[in-house]
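Enquirer: Once you've had a glance at the structure underneath, I'll fire off some questions.
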Amino acid sequence: MCSGIAVSYAASGLGTFTLLEYGTDEQRRKFLPDITSGKKLAAFGLTEADAGSDAGGIKTTATPTSGGYIINGTKQFITNGGDAEVYTVIALTAKEKGPRGASAFIVEKDTPGFTFGRKEKKLGIRASSTRELVFEDCFIPAENIIGKEGMGFILTMKLLDRSRPGLGAQAVGLAQGALEAAVDYAKKRVQFGHPIFAQQAVQQMLAEMAMQVEAARALVYATARMIDAGVKDFTKESAMCKVFASDVAMRVTTDAMQVFGGVGYMRDYPIEKMFRDAKITQIYEGANQVLRNAIAFELRKKKAFKG
Ligand SMILES: Cc1cc2nc3c(=O)[nH]c(=O)nc-3n(C[C@H](O)[C@H](O)[C@H](O)COP(=O)(O)OP(=O)(O)OC[C@H]3O[C@@H](n4cnc5c(N)ncnc54)[C@H](O)[C@@H]3O)c2cc1C
């Protein structure tokens, strides 16, 4: 399994979701068939150099003008940047209102005034491109706004609530792959006259890894069931999926490399790639520290627990 490929499709989903849920029929008819048939990739542009965790600090503007908007600014670290044909971009239509003045726009590749930065050189998920989106007096027709002016951040929060369990699933897949590889290797690798699986120290590590993977999978499935059942507020559970499963992916890939010993560190074996790919799951779609803050915020909001 390659997380870089997986994340390209996941990011295409990110770039499509607001259009699917809040786009007009005309927008859906125009953009969705090519995305859903796989002819075109989509992308989602929120992050900027000075606005990562603090996404409310974005500076990219979409100034209203006759027949549309003029976008100026630069988005950073955008997955599928340059490869995608359709971009959902968050920009300020009323910068004096801060985050409440943000709106979501569809921007097509090859629109005049829209260019890309260089492809970033990354630790992992290298199959997916990560680039800047650069807007210089880029005119967007009025019909390309998604929802209404000022809805940009509300749409973004709803989008991320929906996408974070998917990121959790990505992390579970990585961890499961690393666990399976480690179990296979431990059965084959002979030291001191026995497979290393016979060592209780190795068994303890593998058992711990297996428990962590199952717990992460159960949380992701439980949250997916909540969403399918139509529960409206799943911000907390969604953040929990992302944080818990990504921490599991990092821990399990690290321990799997330990089970492999020296060869695990080499590119000939799959573990070093899984280990490199796992790290980003703790960072993107909300760094884990920030999402722990969000989980605590949701806990505080709720009425007292019943005894
Ligand atoms: C490979 C890759 C792909 C990406 N793809 C996309 C994409 O497609 N679209 C998009 O819009 N963005 C994308 N991003 C951006 C990503 O979502 C951000 O990198 C992420 O939200 C963290 O922001 P930052 O990098 O600015 O870190 P910072 O916000 O600078 O945070 C740095 C550290 O400080 C901690 N921190 C910050 N604030 C707090 C706080 N209040 N409490 C506790 N700790 C805090 C963070 O947890 C982190 O550990 C991508 C990033 C990468 C690396």
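Residues are referred to by chain and number: the chain letter is A, B, ... according to the order shown in the structure tokens, the number counts from 1 in that chain, and ligands are numbered separately from 1 in the order shown.
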Might you pull out every residue within 10 Å of segment 72-78 of chain A, with only C-alpha atoms counted and same-chain residues fewer than 2 positions away left off, and present them as an mmCIF file with N, CA, C and O atoms, in the first residue's frame?

Expert:
data_model
loop_
_atom_site.group_PDB
_atom_site.id
_atom_site.type_symbol
_atom_site.label_atom_id
_atom_site.label_comp_id
_atom_site.auth_asym_id
_atom_site.auth_seq_id
_atom_site.Cartn_x
_atom_site.Cartn_y
_atom_site.Cartn_z
ATOM 1 N N ALA A 11 -7.150 13.857 -0.995
ATOM 2 C CA ALA A 11 -7.127 15.319 -1.186
ATOM 3 C C ALA A 11 -8.077 15.722 -2.304
ATOM 4 O O ALA A 11 -8.647 16.814 -2.281
ATOM 5 N N ALA A 43 -8.386 19.558 -5.512
ATOM 6 C CA ALA A 43 -7.505 19.892 -4.387
ATOM 7 C C ALA A 43 -8.192 20.934 -3.519
ATOM 8 O O ALA A 43 -9.158 21.578 -3.966
ATOM 9 N N PHE A 44 -7.681 21.076 -2.302
ATOM 10 C CA PHE A 44 -8.289 22.013 -1.350
ATOM 11 C C PHE A 44 -7.211 22.953 -0.818
ATOM 12 O O PHE A 44 -6.209 22.493 -0.259
ATOM 13 N N GLY A 45 -7.400 24.243 -0.958
ATOM 14 C CA GLY A 45 -6.381 25.216 -0.551
ATOM 15 C C GLY A 45 -6.846 26.133 0.563
ATOM 16 O O GLY A 45 -7.632 27.058 0.331
ATOM 17 N N LEU A 46 -6.344 25.852 1.758
ATOM 18 C CA LEU A 46 -6.648 26.697 2.925
ATOM 19 C C LEU A 46 -5.348 27.276 3.489
ATOM 20 O O LEU A 46 -5.213 28.494 3.656
ATOM 21 N N THR A 47 -4.366 26.399 3.749
ATOM 22 C CA THR A 47 -3.148 26.776 4.480
ATOM 23 C C THR A 47 -2.331 27.849 3.748
ATOM 24 O O THR A 47 -2.222 27.836 2.531
ATOM 25 N N GLU A 48 -1.746 28.748 4.551
ATOM 26 C CA GLU A 48 -0.811 29.750 4.019
ATOM 27 C C GLU A 48 0.427 29.756 4.913
ATOM 28 O O GLU A 48 0.413 29.183 6.012
ATOM 29 N N ALA A 49 1.471 30.465 4.468
ATOM 30 C CA ALA A 49 2.735 30.461 5.219
ATOM 31 C C ALA A 49 2.527 30.918 6.668
ATOM 32 O O ALA A 49 3.107 30.356 7.598
ATOM 33 N N ASP A 50 1.687 31.927 6.883
ATOM 34 C CA ASP A 50 1.463 32.426 8.244
ATOM 35 C C ASP A 50 0.146 31.949 8.838
ATOM 36 O O ASP A 50 -0.300 32.475 9.862
ATOM 37 N N ALA A 51 -0.494 31.015 8.195
ATOM 38 C CA ALA A 51 -1.792 30.520 8.690
ATOM 39 C C ALA A 51 -1.887 29.015 8.479
ATOM 40 O O ALA A 51 -2.369 28.538 7.453
ATOM 41 N N GLY A 52 -1.336 28.266 9.457
ATOM 42 C CA GLY A 52 -1.404 26.800 9.411
ATOM 43 C C GLY A 52 -2.443 26.354 10.426
ATOM 44 O O GLY A 52 -3.642 26.316 10.133
ATOM 45 N N ILE A 58 -5.659 33.564 7.629
ATOM 46 C CA ILE A 58 -5.347 33.627 6.186
ATOM 47 C C ILE A 58 -5.397 35.068 5.687
ATOM 48 O O ILE A 58 -6.166 35.892 6.194
ATOM 49 N N LYS A 59 -4.572 35.328 4.668
ATOM 50 C CA LYS A 59 -4.503 36.698 4.125
ATOM 51 C C LYS A 59 -4.950 36.762 2.663
ATOM 52 O O LYS A 59 -5.102 37.852 2.116
ATOM 53 N N THR A 60 -5.105 35.620 2.026
ATOM 54 C CA THR A 60 -5.520 35.629 0.611
ATOM 55 C C THR A 60 -6.888 36.305 0.496
ATOM 56 O O THR A 60 -7.806 35.994 1.255
ATOM 57 N N THR A 61 -6.999 37.237 -0.445
ATOM 58 C CA THR A 61 -8.250 37.985 -0.585
ATOM 59 C C THR A 61 -8.949 37.632 -1.897
ATOM 60 O O THR A 61 -8.303 37.263 -2.877
ATOM 61 N N ALA A 62 -10.260 37.750 -1.864
ATOM 62 C CA ALA A 62 -11.084 37.626 -3.075
ATOM 63 C C ALA A 62 -11.931 38.894 -3.096
ATOM 64 O O ALA A 62 -12.971 38.966 -2.447
ATOM 65 N N THR A 63 -11.432 39.888 -3.797
ATOM 66 C CA THR A 63 -12.087 41.202 -3.765
ATOM 67 C C THR A 63 -13.231 41.235 -4.779
ATOM 68 O O THR A 63 -13.011 40.966 -5.970
ATOM 69 N N TYR A 69 -14.850 38.046 -8.734
ATOM 70 C CA TYR A 69 -13.896 38.350 -7.661
ATOM 71 C C TYR A 69 -12.471 38.315 -8.227
ATOM 72 O O TYR A 69 -12.179 37.543 -9.146
ATOM 73 N N ILE A 70 -11.587 39.118 -7.613
ATOM 74 C CA ILE A 70 -10.166 39.080 -7.986
ATOM 75 C C ILE A 70 -9.410 38.473 -6.809
ATOM 76 O O ILE A 70 -9.419 39.039 -5.704
ATOM 77 N N ASN A 80 -1.861 17.749 -4.272
ATOM 78 C CA ASN A 80 -2.327 17.708 -5.677
ATOM 79 C C ASN A 80 -2.108 19.043 -6.389
ATOM 80 O O ASN A 80 -2.571 19.209 -7.523
ATOM 81 N N GLY A 81 -1.425 19.996 -5.728
ATOM 82 C CA GLY A 81 -1.144 21.288 -6.371
ATOM 83 C C GLY A 81 -0.418 21.049 -7.697
ATOM 84 O O GLY A 81 0.572 20.335 -7.749
ATOM 85 N N GLY A 82 -0.921 21.642 -8.736
ATOM 86 C CA GLY A 82 -0.306 21.489 -10.065
ATOM 87 C C GLY A 82 -0.870 20.303 -10.834
ATOM 88 O O GLY A 82 -0.968 20.355 -12.058
ATOM 89 N N TYR A 87 -9.832 23.365 -8.049
ATOM 90 C CA TYR A 87 -9.362 23.730 -6.702
ATOM 91 C C TYR A 87 -10.476 24.399 -5.920
ATOM 92 O O TYR A 87 -11.139 25.304 -6.443
ATOM 93 N N VAL A 89 -10.776 26.893 -3.015
ATOM 94 C CA VAL A 89 -9.836 27.831 -2.379
ATOM 95 C C VAL A 89 -10.600 28.716 -1.398
ATOM 96 O O VAL A 89 -11.681 29.225 -1.724
ATOM 97 N N ILE A 90 -10.024 28.870 -0.209
ATOM 98 C CA ILE A 90 -10.659 29.718 0.805
ATOM 99 C C ILE A 90 -9.946 31.076 0.809
ATOM 100 O O ILE A 90 -8.720 31.151 0.960
ATOM 101 N N ALA A 91 -10.732 32.131 0.615
ATOM 102 C CA ALA A 91 -10.155 33.484 0.548
ATOM 103 C C ALA A 91 -11.105 34.481 1.201
ATOM 104 O O ALA A 91 -12.314 34.222 1.315
ATOM 105 N N LEU A 92 -10.542 35.622 1.601
ATOM 106 C CA LEU A 92 -11.341 36.622 2.328
ATOM 107 C C LEU A 92 -12.071 37.553 1.360
ATOM 108 O O LEU A 92 -11.430 38.262 0.580
ATOM 109 N N GLY A 113 -3.636 34.220 -14.103
ATOM 110 C CA GLY A 113 -3.305 34.757 -12.776
ATOM 111 C C GLY A 113 -3.164 33.670 -11.718
ATOM 112 O O GLY A 113 -2.910 33.967 -10.547
ATOM 113 N N PHE A 114 -3.328 32.399 -12.127
ATOM 114 C CA PHE A 114 -3.211 31.275 -11.172
ATOM 115 C C PHE A 114 -2.044 30.386 -11.600
ATOM 116 O O PHE A 114 -2.091 29.772 -12.670
ATOM 117 N N THR A 115 -0.972 30.368 -10.758
ATOM 118 C CA THR A 115 0.212 29.552 -11.075
ATOM 119 C C THR A 115 0.615 28.733 -9.847
ATOM 120 O O THR A 115 0.006 28.854 -8.781
ATOM 121 N N PHE A 116 1.665 27.919 -10.007
ATOM 122 C CA PHE A 116 2.076 26.997 -8.942
ATOM 123 C C PHE A 116 3.532 27.195 -8.557
ATOM 124 O O PHE A 116 4.361 27.531 -9.404
ATOM 125 N N GLY A 117 3.829 26.940 -7.265
ATOM 126 C CA GLY A 117 5.224 26.934 -6.816
ATOM 127 C C GLY A 117 5.872 25.602 -7.151
ATOM 128 O O GLY A 117 5.249 24.739 -7.768
ATOM 129 N N LYS A 119 7.464 21.796 -6.682
ATOM 130 C CA LYS A 119 7.004 20.618 -5.950
ATOM 131 C C LYS A 119 7.883 20.464 -4.709
ATOM 132 O O LYS A 119 9.117 20.418 -4.835
ATOM 133 N N GLU A 120 7.272 20.392 -3.524
ATOM 134 C CA GLU A 120 8.044 20.275 -2.283
ATOM 135 C C GLU A 120 8.730 18.913 -2.210
ATOM 136 O O GLU A 120 8.166 17.907 -2.647
ATOM 137 N N SER A 129 1.911 15.149 -4.983
ATOM 138 C CA SER A 129 2.598 16.444 -5.116
ATOM 139 C C SER A 129 2.079 17.419 -4.065
ATOM 140 O O SER A 129 0.905 17.362 -3.674
ATOM 141 N N THR A 130 2.963 18.270 -3.586
ATOM 142 C CA THR A 130 2.610 19.308 -2.610
ATOM 143 C C THR A 130 3.216 20.605 -3.137
ATOM 144 O O THR A 130 4.441 20.685 -3.293
ATOM 145 N N ARG A 131 2.377 21.576 -3.443
ATOM 146 C CA ARG A 131 2.882 22.820 -4.046
ATOM 147 C C ARG A 131 2.161 24.041 -3.490
ATOM 148 O O ARG A 131 1.078 23.921 -2.917
ATOM 149 N N GLU A 132 2.769 25.208 -3.755
ATOM 150 C CA GLU A 132 2.071 26.471 -3.486
ATOM 151 C C GLU A 132 1.075 26.734 -4.613
ATOM 152 O O GLU A 132 1.330 26.377 -5.761
ATOM 153 N N LEU A 133 -0.028 27.405 -4.256
ATOM 154 C CA LEU A 133 -0.956 27.950 -5.259
ATOM 155 C C LEU A 133 -0.756 29.462 -5.211
ATOM 156 O O LEU A 133 -0.905 30.066 -4.139
ATOM 157 N N VAL A 134 -0.419 30.058 -6.334
ATOM 158 C CA VAL A 134 -0.119 31.501 -6.353
ATOM 159 C C VAL A 134 -1.190 32.232 -7.168
ATOM 160 O O VAL A 134 -1.431 31.880 -8.329
ATOM 161 N N PHE A 135 -1.814 33.201 -6.531
ATOM 162 C CA PHE A 135 -2.871 33.984 -7.200
ATOM 163 C C PHE A 135 -2.424 35.429 -7.340
ATOM 164 O O PHE A 135 -2.133 36.100 -6.342
ATOM 165 N N GLU A 136 -2.357 35.892 -8.579
ATOM 166 C CA GLU A 136 -1.984 37.291 -8.835
ATOM 167 C C GLU A 136 -3.059 37.912 -9.731
ATOM 168 O O GLU A 136 -3.135 37.596 -10.915
ATOM 169 N N ASP A 137 -3.894 38.723 -9.122
ATOM 170 C CA ASP A 137 -5.010 39.357 -9.854
ATOM 171 C C ASP A 137 -5.771 38.323 -10.695
ATOM 172 O O ASP A 137 -5.991 38.515 -11.890
ATOM 173 N N CYS A 138 -6.135 37.263 -10.042
ATOM 174 C CA CYS A 138 -6.800 36.142 -10.725
ATOM 175 C C CYS A 138 -8.323 36.348 -10.686
ATOM 176 O O CYS A 138 -8.933 36.310 -9.614
ATOM 177 N N PHE A 139 -8.924 36.565 -11.839
ATOM 178 C CA PHE A 139 -10.378 36.821 -11.893
ATOM 179 C C PHE A 139 -11.150 35.490 -11.876
ATOM 180 O O PHE A 139 -10.874 34.585 -12.659
ATOM 181 N N TYR A 284 -0.906 16.790 9.183
ATOM 182 C CA TYR A 284 -1.875 17.509 8.329
ATOM 183 C C TYR A 284 -3.325 17.279 8.744
ATOM 184 O O TYR A 284 -3.606 16.472 9.609
#

Enquirer: Pick out each residue of segment 97-194 of chain A that DSSP on the backbone tags as helix (DSSP H, G or I); I need them as a PyMOL selection string.

Expert: chain A and resi 97-101+142-144+152-188

Enquirer: Can you work out which one of A:Gly177, A:Pro33, A:Gly166, A:Gly152 has the shortest atom-to-atom distance to Ile227 of chain A, counting only C-alpha atoms?

Expert: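 Of A:Gly177, A:Pro33, A:Gly166, A:Gly152, the one nearest Ile227 of chain A, counting only C-alpha atoms, is A:Gly166.
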
Enquirer: Please return as JSON, numbers by chain: the residues of segment 4-177 of chain A that backbone DSSP assigns to strand (DSSP E or B).

Expert: {"A": [42, 43, 44, 45, 48, 51, 61, 62, 63, 64, 65, 68, 69, 70, 71, 72, 73, 74, 75, 76, 77, 78, 79, 86, 87, 88, 89, 90, 91, 92, 102, 103, 104, 105, 106, 107, 108, 114, 115, 116, 130, 131, 132, 133, 134, 135, 136, 137, 138, 139, 140, 141, 145, 146]}

Enquirer: Name the closest residue to ligand 1 among the candidates A:Thr88, A:Thr254, A:Thr93, A:Gln203; distances are taken between atoms, counting only C-alpha atoms and all ligand atoms.

Expert: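 The closest residue to ligand 1 is A:Thr88.
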